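Asker: Shown below is the structure under consideration.
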Amino acid sequence: MLQIANILLYVSILSVLIPIFLLLRRKQSFKDACLKILGVLLFVSAFADLISFLLLKMSKLFIPILNFYTLIEFFLLSYIYFLLGKNKKVVFIIFILFAIFFVIDTICIEPFYEFQSLPVFIEGSVLIVYSVTYYIKTIRAIPPIDPFDSYPFWINSAIFYYFSFNMFLFIFGNYVYKNMPKDVSAVYWSFHNFNNIIKNIVFTVAIYIARKNFTK
């Protein structure tokens, strides 16, 4: 089981290169605001994964990298929904409140050097609400939106899948990190790594559909 967990770790880290490669093949993609933000997220994710992996191999503390990535990730994904939705003021206010809570949590509840479960849980909850809201908007759209011809639909699906399936993993993440043996922790996070691979594959589908639409 541990061997499978290690394989999933490596594949998860490398999987982000697939959507990045596809995005870089056509620079026209960066003219689209949502794809530009997605591209920034993918590069930040790749950098955070690489640094975390290197620190892990050196037996150094890598948790602060993950905590800081949570804040950046929430900002970038919120910005995508800011661009896609009509309630821009709501998205902006929620991000400000999240940033304030992140600071309070770091100072008073969960130190920055520990895995901060609360911000990740709140991030996931908010983004699931955003994604469900976008699905409802898609269903009610007139004329109807074809999911196979709409790259925002696939970006939204990647976000919904990732946070829905990882929610409970994140809730107990700090407990597992602090109290479980390293082998158990590695197996525990292998489920996250599998979901991360799926997320990056769905992001790749979104980029492929966007590139196809640009060539029409």
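We name chains A, B, ... following the order of the structure tokens; residues begin at 1 in each chain, and ligands are numbered from 1 as shown.
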Set the distance at 9 Å and use only C-alpha atoms: which residues neighbour A:Leu17 once local chain neighbours fewer than 4 positions away are removed? I'd like the list as a PDB file with N, CA and C atoms, in the first residue's frame.

Answerer:
ATOM      1  N   ILE A  13       2.354  15.055  -8.355  1.00  0.00           N
ATOM      2  CA  ILE A  13       3.242  16.205  -8.546  1.00  0.00           C
ATOM      3  C   ILE A  13       3.455  16.493 -10.031  1.00  0.00           C
ATOM      4  N   PHE A  21       1.571  22.254 -20.005  1.00  0.00           N
ATOM      5  CA  PHE A  21       2.116  22.026 -21.345  1.00  0.00           C
ATOM      6  C   PHE A  21       1.095  22.386 -22.414  1.00  0.00           C
ATOM      7  N   LEU A  22      -0.142  21.955 -22.220  1.00  0.00           N
ATOM      8  CA  LEU A  22      -1.186  22.238 -23.208  1.00  0.00           C
ATOM      9  C   LEU A  22      -1.478  23.730 -23.284  1.00  0.00           C
ATOM     10  N   LEU A  42      -1.943  27.009 -11.923  1.00  0.00           N
ATOM     11  CA  LEU A  42      -1.202  25.787 -12.245  1.00  0.00           C
ATOM     12  C   LEU A  42       0.292  25.956 -11.976  1.00  0.00           C
ATOM     13  N   PHE A  43       0.836  27.106 -12.344  1.00  0.00           N
ATOM     14  CA  PHE A  43       2.261  27.359 -12.100  1.00  0.00           C
ATOM     15  C   PHE A  43       2.558  27.462 -10.600  1.00  0.00           C
ATOM     16  N   ALA A  46       2.409  23.958  -9.179  1.00  0.00           N
ATOM     17  CA  ALA A  46       3.613  23.190  -9.521  1.00  0.00           C
ATOM     18  C   ALA A  46       4.793  23.612  -8.650  1.00  0.00           C
ATOM     19  N   ASN A 200      -6.373  17.677 -12.240  1.00  0.00           N
ATOM     20  CA  ASN A 200      -5.499  18.189 -13.298  1.00  0.00           C
ATOM     21  C   ASN A 200      -5.876  17.640 -14.668  1.00  0.00           C
TER      22      ASN A 200
END

Asker: Can you build me a table of stretch 80-151 of chain A residues sitting at most 6 Å from stretch 47-65 of chain A, with the closest atom pair per residue and its distance in Å to one decimal, using only C-alpha atoms, sorted by chain and residue number, as JSON lines?

Answerer:
{"residue": "A:Phe112", "atom": "CA", "partner": "A:Pro64", "partner_atom": "CA", "distance": 5.7}
{"residue": "A:Tyr113", "atom": "CA", "partner": "A:Pro64", "partner_atom": "CA", "distance": 5.2}
{"residue": "A:Phe115", "atom": "CA", "partner": "A:Ile63", "partner_atom": "CA", "distance": 5.8}

Asker: Save out the residues we just selected, N, CA and C atoms, as a PDB file, in the first residue's frame.

Answerer:
ATOM      1  N   PHE A 112       1.106  28.676  12.034  1.00  0.00           N
ATOM      2  CA  PHE A 112       1.432  28.579  10.608  1.00  0.00           C
ATOM      3  C   PHE A 112       2.271  27.346  10.291  1.00  0.00           C
ATOM      4  N   TYR A 113       2.977  26.825  11.289  1.00  0.00           N
ATOM      5  CA  TYR A 113       3.827  25.660  11.046  1.00  0.00           C
ATOM      6  C   TYR A 113       3.058  24.339  11.185  1.00  0.00           C
ATOM      7  N   PHE A 115      -0.541  22.122   9.920  1.00  0.00           N
ATOM      8  CA  PHE A 115      -1.513  22.089   8.831  1.00  0.00           C
ATOM      9  C   PHE A 115      -2.800  22.752   9.303  1.00  0.00           C
TER      10      PHE A 115
END

Asker: So which residues touch stretch 2-12 of chain A within 8 Å, counting only C-alpha atoms, skipping near sequence neighbours fewer than 6 positions away, as a list of chain:residue names?

Answerer: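 The contact residues come out as A:Asp183, A:Ala186, A:Val187, A:Trp189, A:Ser190, A:Asn193, A:Phe194, A:Asn196, A:Ile197.
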
Asker: Where in stretch 67-179 of chain A does DSSP assign alpha helix (DSSP H), given as a CSV table (one decimal) with C-alpha atoms, in the first residue's frame?

Answerer:
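Writing the result to part-v6.csv gives the following:
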chain,number,residue,atom,x,y,z
A,67,ASN,CA,-0.8,26.8,4.3
A,68,PHE,CA,0.3,29.8,2.2
A,69,TYR,CA,-0.7,28.0,-0.9
A,70,THR,CA,-4.3,27.7,0.5
A,71,LEU,CA,-4.6,31.5,0.7
A,72,ILE,CA,-3.2,31.9,-2.9
A,73,GLU,CA,-5.4,29.1,-4.3
A,74,PHE,CA,-8.5,30.6,-2.7
A,75,PHE,CA,-7.7,34.0,-4.1
A,76,LEU,CA,-7.1,32.7,-7.7
A,77,LEU,CA,-10.2,30.4,-7.7
A,78,SER,CA,-12.3,33.1,-6.3
A,79,TYR,CA,-11.1,35.4,-9.0
A,80,ILE,CA,-12.2,32.8,-11.6
A,81,TYR,CA,-15.7,32.8,-10.2
A,82,PHE,CA,-15.5,36.6,-9.9
A,83,LEU,CA,-15.0,36.6,-13.7
A,84,LEU,CA,-17.7,34.0,-14.4
A,88,LYS,CA,-18.9,40.0,-8.0
A,89,LYS,CA,-19.3,42.0,-4.9
A,90,VAL,CA,-20.2,38.9,-2.9
A,91,VAL,CA,-17.2,37.0,-4.1
A,92,PHE,CA,-14.9,40.0,-3.2
A,93,ILE,CA,-16.4,40.3,0.3
A,94,ILE,CA,-16.1,36.6,1.0
A,95,PHE,CA,-12.4,36.6,0.0
A,96,ILE,CA,-11.7,39.6,2.3
A,97,LEU,CA,-13.5,37.8,5.1
A,98,PHE,CA,-11.5,34.6,4.4
A,99,ALA,CA,-8.2,36.5,4.4
A,100,ILE,CA,-9.1,38.0,7.8
A,101,PHE,CA,-10.1,34.6,9.2
A,102,PHE,CA,-6.8,33.2,7.9
A,103,VAL,CA,-4.8,35.7,9.8
A,104,ILE,CA,-6.9,35.2,13.0
A,117,SER,CA,-7.5,22.5,8.7
A,118,LEU,CA,-10.0,25.3,9.3
A,119,PRO,CA,-9.1,27.6,6.4
A,120,VAL,CA,-8.9,24.6,4.0
A,121,PHE,CA,-12.3,23.5,5.2
A,122,ILE,CA,-13.8,26.9,4.7
A,123,GLU,CA,-12.1,27.3,1.4
A,124,GLY,CA,-13.6,24.0,0.2
A,125,SER,CA,-17.1,24.8,1.5
A,126,VAL,CA,-17.2,28.2,-0.2
A,127,LEU,CA,-15.8,26.8,-3.5
A,128,ILE,CA,-18.3,24.0,-3.5
A,129,VAL,CA,-21.1,26.5,-3.1
A,130,TYR,CA,-19.6,28.6,-6.0
A,131,SER,CA,-19.4,25.5,-8.2
A,132,VAL,CA,-23.0,24.3,-7.4
A,133,THR,CA,-24.2,27.9,-8.1
A,134,TYR,CA,-22.4,27.8,-11.5
A,135,TYR,CA,-24.0,24.5,-12.3
A,136,ILE,CA,-27.4,25.9,-11.6
A,137,LYS,CA,-26.6,28.9,-13.8
A,138,THR,CA,-25.5,26.6,-16.6
A,139,ILE,CA,-28.7,24.6,-16.4
A,140,ARG,CA,-30.9,27.7,-16.5
A,151,TYR,CA,-14.4,25.2,-21.0
A,152,PRO,CA,-15.6,27.1,-17.9
A,153,PHE,CA,-17.9,24.2,-17.2
A,154,TRP,CA,-14.9,21.9,-17.0
A,155,ILE,CA,-12.9,24.3,-14.9
A,156,ASN,CA,-15.9,24.3,-12.5
A,157,SER,CA,-16.2,20.5,-12.6
A,158,ALA,CA,-12.5,20.2,-11.6
A,159,ILE,CA,-13.0,22.5,-8.7
A,160,PHE,CA,-16.2,20.8,-7.6
A,161,TYR,CA,-14.7,17.3,-7.8
A,162,TYR,CA,-11.4,18.2,-6.0
A,163,PHE,CA,-12.9,19.9,-3.0
A,164,SER,CA,-16.0,17.6,-2.7
A,165,PHE,CA,-13.8,14.5,-2.5
A,166,ASN,CA,-11.1,16.0,-0.3
A,167,MET,CA,-13.2,17.9,2.2
A,168,PHE,CA,-13.0,15.3,5.0
A,169,LEU,CA,-9.3,14.6,4.2
A,170,PHE,CA,-8.6,18.2,4.9
A,171,ILE,CA,-10.6,18.3,8.1
A,173,GLY,CA,-5.3,16.6,8.0
A,174,ASN,CA,-3.7,18.2,11.0
A,175,TYR,CA,-4.6,15.3,13.3
A,176,VAL,CA,-3.1,12.8,10.9
A,177,TYR,CA,0.0,14.8,10.4
A,178,LYS,CA,0.7,15.2,14.1
A,179,ASN,CA,-0.5,11.9,15.5

Asker: Which is closest to A:Glu114 among A:Met180, A:Ile145, A:Ala210, A:Leu66, if we use only C-alpha atoms?

Answerer: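 Between A:Met180, A:Ile145, A:Ala210, A:Leu66, the residue approaching A:Glu114 most closely is A:Leu66.
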
Asker: Would you mind reading off the distance between atom CA of A:Val16 and atom CA of A:Ala206, one decimal, in Å?

Answerer: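 These two atoms are separated by 13.4 Å.
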
Asker: Write out as a PyMOL selection string each polymer residue whose atoms come within 12 Å of A:Tyr208, counting only C-alpha atoms; drop sequence neighbours fewer than 4 positions from it.

Answerer: chain A and resi 18-26+29+35+148-152+154-155+201-204+212-215

Asker: Convert the current residue selection to file output with C-alpha atoms, as a short mmCIF file (atom, residue, chain, number, x, y, z; two decimals), in the first residue's frame.

Answerer:
data_model
loop_
_atom_site.label_atom_id
_atom_site.label_comp_id
_atom_site.auth_asym_id
_atom_site.auth_seq_id
_atom_site.Cartn_x
_atom_site.Cartn_y
_atom_site.Cartn_z
CA ILE A 18 0.02 18.19 -18.47
CA PRO A 19 -2.38 21.18 -18.38
CA ILE A 20 0.60 23.56 -18.20
CA PHE A 21 2.12 22.03 -21.35
CA LEU A 22 -1.19 22.24 -23.21
CA LEU A 23 -1.69 25.83 -22.10
CA LEU A 24 1.79 26.89 -23.22
CA ARG A 25 1.39 25.30 -26.65
CA ARG A 26 -1.00 28.07 -27.62
CA SER A 29 -4.97 31.04 -24.42
CA LEU A 35 -7.45 30.76 -18.62
CA PHE A 148 -18.73 19.68 -24.23
CA ASP A 149 -18.21 23.08 -25.83
CA SER A 150 -17.81 25.17 -22.66
CA TYR A 151 -14.39 25.24 -21.01
CA PRO A 152 -15.64 27.12 -17.88
CA TRP A 154 -14.92 21.86 -17.03
CA ILE A 155 -12.92 24.25 -14.86
CA ILE A 201 -6.87 15.86 -15.98
CA VAL A 202 -10.19 17.74 -15.94
CA PHE A 203 -8.30 21.06 -16.10
CA THR A 204 -6.54 19.64 -19.17
CA LYS A 212 -10.50 24.10 -29.84
CA ASN A 213 -12.93 27.02 -29.56
CA PHE A 214 -10.17 29.54 -30.27
CA THR A 215 -9.41 27.82 -33.60
#

Asker: Quick one: distance from atom CA of A:Phe30 to atom CA of A:Arg211 in Å, one decimal?

Answerer: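 Atom-to-atom, atom CA of A:Phe30 to atom CA of A:Arg211, that is 10.6 Å.
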
Asker: Hey, can you check how far atom CA of A:Ile209 sits from atom CA of A:Leu38?

Answerer: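 Atom CA of A:Leu38 lies at a distance of 14.0 Å from atom CA of A:Ile209.
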